[in-house]
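Written out below as structure tokens is the structure these notes cover.
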Amino acid sequence: MPFLKNASIRTKLKIVILLTSGFSVVLVAGGFFAYEYFTLRESIIEDLGTKADILAENSNAALAFRDSADAGSVLASLSSQPRITSAAIYDLTDGRLAVYARTGFTRPFPDGVPPDGSRFEEDGLILVKPVLLSGSRIGTIYLSMDLVGMRERFRLYGEIALFILIGSLVLAYFVATLLERAISRPVMSLVQTAKEVSDRQDFSIRATRTTNDEIGLLAGAINAMLDQISEREANVRKANEEIRNLNEELEGRVQKRTVQLERANQELEAFSYSVSHDLRAPLRHIDGFAQMLQKHSAASLDEKGLRFLHTISDSATRMGQLIDELLVFSRMGRADMKRADVDMNGLVREILGEMVGDLSGRKHILNVDFLPNVTGDPSMLRLVLTNLLSNAIKYTRKKEETVVHLGYRDEGERFVFFIRDNGAGFDMKYSDKLFGVFQRLHRSADFDGTGIGLANVKRIVQRHDGSVWGEGIVDQGAVFYFTLPKAGGHHG
Amino acid sequence: MAELKRILLAEDNEKDVELTLEALGEHNLANEVVVVGDGEEALDYLFRRGAYTHRPDGNPAVVLLDLKMPKVDGLQVLRTVKADSNLKTIPVVMLTSSREETDLVKSYDLGVNAYVVKPVGFQEFVAAVKELGVFWAIVNEPPPGSATARK
């Protein structure tokens with residue numbers, strides 16, 4: 001029933017109840033009618049039969065004596081029976097002995113003796129019965145009656161049935177209304193609950209369970225679902241809370257650490273300041289006074305004494321150099337990086353130009369590939385190349401011929417630069433010491449230096465988000481690699 | 001001998017004073033050097049107050065300032081000198097151990113005329129001080145009103 005699809009449950013419920021009760025009333029009334037119809041016919045036939053029997057009894061004599069007048073008077077008595085429409089008495093020779101017709105009744109009588117029995121015709125019941133005398137037939141009686149009485153009775157029955165139908169429908173309507181309340185109200189309250197939950201996002205609301213039927217079960221199921229949802233929501237809220245707490249804690253920790261770092265940085269600054277200023281003064285004094293002593297007392301000092309004074313001066317000077325380099329190293333870690341496009345070829349050309357003096361009188365081959373431009377701090381990158389190239393030139397000093405190759409590889413996201421020499425090299429088992437501050441793999445007597453150069457290289461390359469490493473074979477040479485990201489590093 | 005101009009040396013460290021005077025003396029530049037031990041004394045000298053109320057007339061040809069001194073440090077002396085209309089023309093040279101960039105920047109911000117880092121090696125120190133002395137006390141023409149001394 002498509003029209004019921006969009007109807008509310010209450011309407012459906014009413015329609016169902018009304019249809020059901022209407023059908024049942026109609027069915028009951030129909031059955032009742034059928035039953036009445038048949039029993040009424042039986043009883044009419046029986047009633048008419050009795051009347052015919054009485055008439056037969058009364059007309060015995062008239063038939064026996066073929067007395068039409070007597071027969072006529074017998075039939076005339078039927079005038080007190082308003083439902084009898086006509087009557088006739090036949091003798092055995094098919095002759096009509098007497099007839100009776102109610103006033104206004106015009107249907108003709110059958111001509112011959114009609115067969116025995118009863119039959120309903122359109123306007124009434126016709127009954128034909130034999131008239132017996134001492135067990136033998138002496139004639140036939142014919143009776144017809146109208147069915148007005150039966151029809152009236154049926155009309156009455158119909159009226160009653162209609163009344164019952166209307167009454168039952170009215171009653172059913174009220175029952176349906178009550179039932180509808182019992183069903184649709186809890187359903188509507190469930191709907192309301194669900195709406196409130198979704199509107200207010202309040203998962204603590206619960207449906208009220210008023211019945212133990214399917215709707216009650218539904219309410220229970222919804223409540224169980226809401227329990228789960230609110231539990232899950234509480235868990236989510238708790239987890240969020242924890243995350244927020246953790247974040248706050250983390251932020252606090254970061255802040256604290258930042259403050260600590262800033263303080264440490266300040267201390268470091270103060271430290272390097274005091275190193276720069278305060279440690280150098282006594283060194284200057286040592287050297288200065290040693291020299292003044294030499295000038296003042298050179299005459300009275302022997303060679304050994306003079307050598308001692310020299311050593312004092314040299315040591316003070318060297319310590320000053322170490323302090324200066326340490327300060328440069330410290331500044332490399334702290335100084336702001338100035339990013340720019342760096343022309344590596346130009347840079348290398350300049351640096352090599354400054355180093356020509358170191359190569360004078362030496363056989364040498366310097367191979368420099370055409371290098372790509374990079375992004376970085378030009379003065380820092382200059383320091384890197386200066387250190388690595390001067391190392392290559394320094395450690396090849398004792399070779400017959402100095403061979404240095406500066407080149408690069410393109411590795412997609414970064415460039416790998418390398419500087420290869422055929423110099424003194426180093427033992428790979430000490431490679432972890434290469435980039436340490438003041439770490440040296442050669443004696444000062446063989447190759448001078450303080451051991452800070454590669455530490456600076458490492459610090460600068462790392463600040464450019466690159467890495468640096470070295471490979472070497474003793475007395476055969478070394479290769480130093482450093483990488484620079486193509487887009488340049490990210491932190492300053 | 002050329003005309004010598006007066007040099008004011010503000011230096012708290014006696015050994016440095018001795019070394020500086022030695023270096024200047026090696027080149028006969030030490031005769032008109034006024035030595036003060038801290039910034040306050042330097043300002044007293046320049047403003048002719050306290051112990052220097054009755055000092056001879058005229059501003060020094062150059063002030064050699066140590067950066068780190070007790071009471072009033074070199075930068076403060078520099079600031080005061082360069083803010084004074086009568087003194088701001090005096091050349092001021094920072095003669096210091098500090099190579100710190102912040103000190104350098106601050107000094108030049110305040111209008112220092114030169115900034116010299118004292119070398120650790122004595123020979124280099126002597127050379128540096130000599131050059132300073134020769135330049136400021138002999139080569140450079142000081143602003144009018146500077147005191148002079150004849151050798």
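Each chain of the structure tokens is named A, B, ... in the order shown, its residues numbered from 1; ligands are numbered from 1 in display order.
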- Message: Taking only C-alpha atoms into account, find every residue of chain A that has an atom no more than 12 Å from chain B, and write it out as a VMD selection string.
- Response: chain A and resid 269 to 296 310 312 to 325 327 to 328 330 to 331 334 to 335
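Taking atom CA of A:Asn265 and atom CA of A:Asp336 as endpoints, the distance between them is 13.7 Å.
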- Item | Long-range neighbours of stretch 32-39 of chain A as a list in words, 12 Å cut-off, only C-alpha atoms, 5 positions minimum in chain | Ser24, Val25, Val26, Leu27, Ile44, Ile45, Glu46, Asp47, Leu147, Met150, Arg151, Arg153, Phe154, Arg155, Leu156, Tyr157, Gly158, Glu159, Ile160 and Ala161 of chain A
- Can you list every residue in chain B that DSSP puts in helix (DSSP H, G or I), as a VMD selection string? chain B and resid 14 to 26 39 to 47 50 to 52 74 to 83 101 to 109 122 to 139
Would you mind exporting the chosen residues as a PDB file, in the first residue's frame, restricted to C-alpha atoms?
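Result file is selection.pdb:
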```pdb
ATOM      1  CA  GLU B  14     100.930  48.039  35.498  1.00  0.00           C
ATOM      2  CA  LYS B  15     102.693  45.417  33.447  1.00  0.00           C
ATOM      3  CA  ASP B  16     100.920  46.595  30.342  1.00  0.00           C
ATOM      4  CA  VAL B  17     101.846  50.150  31.243  1.00  0.00           C
ATOM      5  CA  GLU B  18     105.473  49.117  31.585  1.00  0.00           C
ATOM      6  CA  LEU B  19     105.415  47.237  28.290  1.00  0.00           C
ATOM      7  CA  THR B  20     103.720  50.122  26.509  1.00  0.00           C
ATOM      8  CA  LEU B  21     106.142  52.670  27.901  1.00  0.00           C
ATOM      9  CA  GLU B  22     109.008  50.365  26.986  1.00  0.00           C
ATOM     10  CA  ALA B  23     107.699  50.097  23.462  1.00  0.00           C
ATOM     11  CA  LEU B  24     107.228  53.845  23.194  1.00  0.00           C
ATOM     12  CA  GLY B  25     110.591  54.469  24.840  1.00  0.00           C
ATOM     13  CA  GLU B  26     112.306  52.222  22.342  1.00  0.00           C
ATOM     14  CA  GLY B  39      88.614  55.441  33.469  1.00  0.00           C
ATOM     15  CA  GLU B  40      87.695  57.800  36.268  1.00  0.00           C
ATOM     16  CA  GLU B  41      91.203  59.144  36.462  1.00  0.00           C
ATOM     17  CA  ALA B  42      91.282  59.533  32.704  1.00  0.00           C
ATOM     18  CA  LEU B  43      88.109  61.633  32.840  1.00  0.00           C
ATOM     19  CA  ASP B  44      89.536  63.622  35.780  1.00  0.00           C
ATOM     20  CA  TYR B  45      92.559  64.394  33.655  1.00  0.00           C
ATOM     21  CA  LEU B  46      90.557  65.359  30.600  1.00  0.00           C
ATOM     22  CA  PHE B  47      88.121  67.547  32.580  1.00  0.00           C
ATOM     23  CA  GLY B  50      90.410  66.178  41.201  1.00  0.00           C
ATOM     24  CA  ALA B  51      94.156  65.553  41.217  1.00  0.00           C
ATOM     25  CA  TYR B  52      94.469  67.081  37.756  1.00  0.00           C
ATOM     26  CA  GLY B  74      87.047  52.326  28.266  1.00  0.00           C
ATOM     27  CA  LEU B  75      83.744  52.416  26.425  1.00  0.00           C
ATOM     28  CA  GLN B  76      82.287  54.770  29.030  1.00  0.00           C
ATOM     29  CA  VAL B  77      85.291  57.086  28.806  1.00  0.00           C
ATOM     30  CA  LEU B  78      84.924  57.043  25.039  1.00  0.00           C
ATOM     31  CA  ARG B  79      81.206  57.848  25.272  1.00  0.00           C
ATOM     32  CA  THR B  80      81.850  60.755  27.640  1.00  0.00           C
ATOM     33  CA  VAL B  81      84.681  62.179  25.563  1.00  0.00           C
ATOM     34  CA  LYS B  82      82.738  61.993  22.311  1.00  0.00           C
ATOM     35  CA  ALA B  83      79.683  63.593  23.936  1.00  0.00           C
ATOM     36  CA  GLU B 101      83.168  41.824  17.570  1.00  0.00           C
ATOM     37  CA  THR B 102      80.679  43.436  19.957  1.00  0.00           C
ATOM     38  CA  ASP B 103      83.458  45.559  21.501  1.00  0.00           C
ATOM     39  CA  LEU B 104      84.616  46.586  18.061  1.00  0.00           C
ATOM     40  CA  VAL B 105      81.138  47.506  16.903  1.00  0.00           C
ATOM     41  CA  LYS B 106      80.346  49.423  20.089  1.00  0.00           C
ATOM     42  CA  SER B 107      83.599  51.346  19.930  1.00  0.00           C
ATOM     43  CA  TYR B 108      83.063  52.429  16.346  1.00  0.00           C
ATOM     44  CA  ASP B 109      79.446  53.276  17.146  1.00  0.00           C
ATOM     45  CA  PHE B 122     106.288  41.356  22.245  1.00  0.00           C
ATOM     46  CA  GLN B 123     107.879  42.211  18.920  1.00  0.00           C
ATOM     47  CA  GLU B 124     104.507  42.681  17.299  1.00  0.00           C
ATOM     48  CA  PHE B 125     103.321  44.619  20.334  1.00  0.00           C
ATOM     49  CA  VAL B 126     106.288  46.940  20.158  1.00  0.00           C
ATOM     50  CA  ALA B 127     105.732  47.409  16.456  1.00  0.00           C
ATOM     51  CA  ALA B 128     102.065  48.173  16.930  1.00  0.00           C
ATOM     52  CA  VAL B 129     102.631  50.652  19.750  1.00  0.00           C
ATOM     53  CA  LYS B 130     105.420  52.304  17.836  1.00  0.00           C
ATOM     54  CA  GLU B 131     103.244  52.771  14.792  1.00  0.00           C
ATOM     55  CA  LEU B 132     100.488  54.143  16.955  1.00  0.00           C
ATOM     56  CA  GLY B 133     102.812  56.556  18.690  1.00  0.00           C
ATOM     57  CA  VAL B 134     104.472  57.709  15.517  1.00  0.00           C
ATOM     58  CA  PHE B 135     101.213  58.194  13.717  1.00  0.00           C
ATOM     59  CA  TRP B 136      99.211  59.975  16.401  1.00  0.00           C
ATOM     60  CA  ALA B 137     102.017  61.833  18.144  1.00  0.00           C
ATOM     61  CA  ILE B 138     104.075  62.853  15.107  1.00  0.00           C
ATOM     62  CA  VAL B 139     102.372  62.284  11.743  1.00  0.00           C
TER      63      VAL B 139
END
```
- Task: Enter the distance from atom CA of A:Val461 to atom CA of A:Tyr430, in Å, rounded to one decimal.
- Result: 20.7 Å
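Pairwise distance (atom CA of A:Gly425, atom CA of A:Tyr481) equals 14.1 Å.
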- Write out as an MDAnalysis selection string the residues lying within 9 Å of A:Ser168, counting only C-alpha atoms and excluding same-chain residues fewer than 6 positions away. chainID A and resid 18 21:22 25
Written file, previous selection with N, CA and C atoms, as a short mmCIF file (atom, residue, chain, number, x, y, z; two decimals), in the first residue's frame:
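File out34.cif, as written:
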```cif
data_model
loop_
_atom_site.label_atom_id
_atom_site.label_comp_id
_atom_site.auth_asym_id
_atom_site.auth_seq_id
_atom_site.Cartn_x
_atom_site.Cartn_y
_atom_site.Cartn_z
N LEU A 18 -9.03 -0.06 12.33
CA LEU A 18 -10.36 0.18 11.77
C LEU A 18 -10.68 -0.86 10.70
N SER A 21 -11.32 -4.26 12.43
CA SER A 21 -12.61 -4.39 13.12
C SER A 21 -13.75 -4.31 12.10
N GLY A 22 -13.62 -3.44 11.08
CA GLY A 22 -14.65 -3.34 10.05
C GLY A 22 -14.83 -4.67 9.34
N VAL A 25 -16.50 -7.23 11.59
CA VAL A 25 -17.93 -6.99 11.76
C VAL A 25 -18.67 -7.42 10.49
#
```
- Selected residue of minimal separation from A:Val368 among A:Leu143, A:Ile17, A:Leu406, A:Glu251, counting only C-alpha atoms: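 Comparing A:Leu143, A:Ile17, A:Leu406, A:Glu251 against A:Val368, the winner is A:Leu406.
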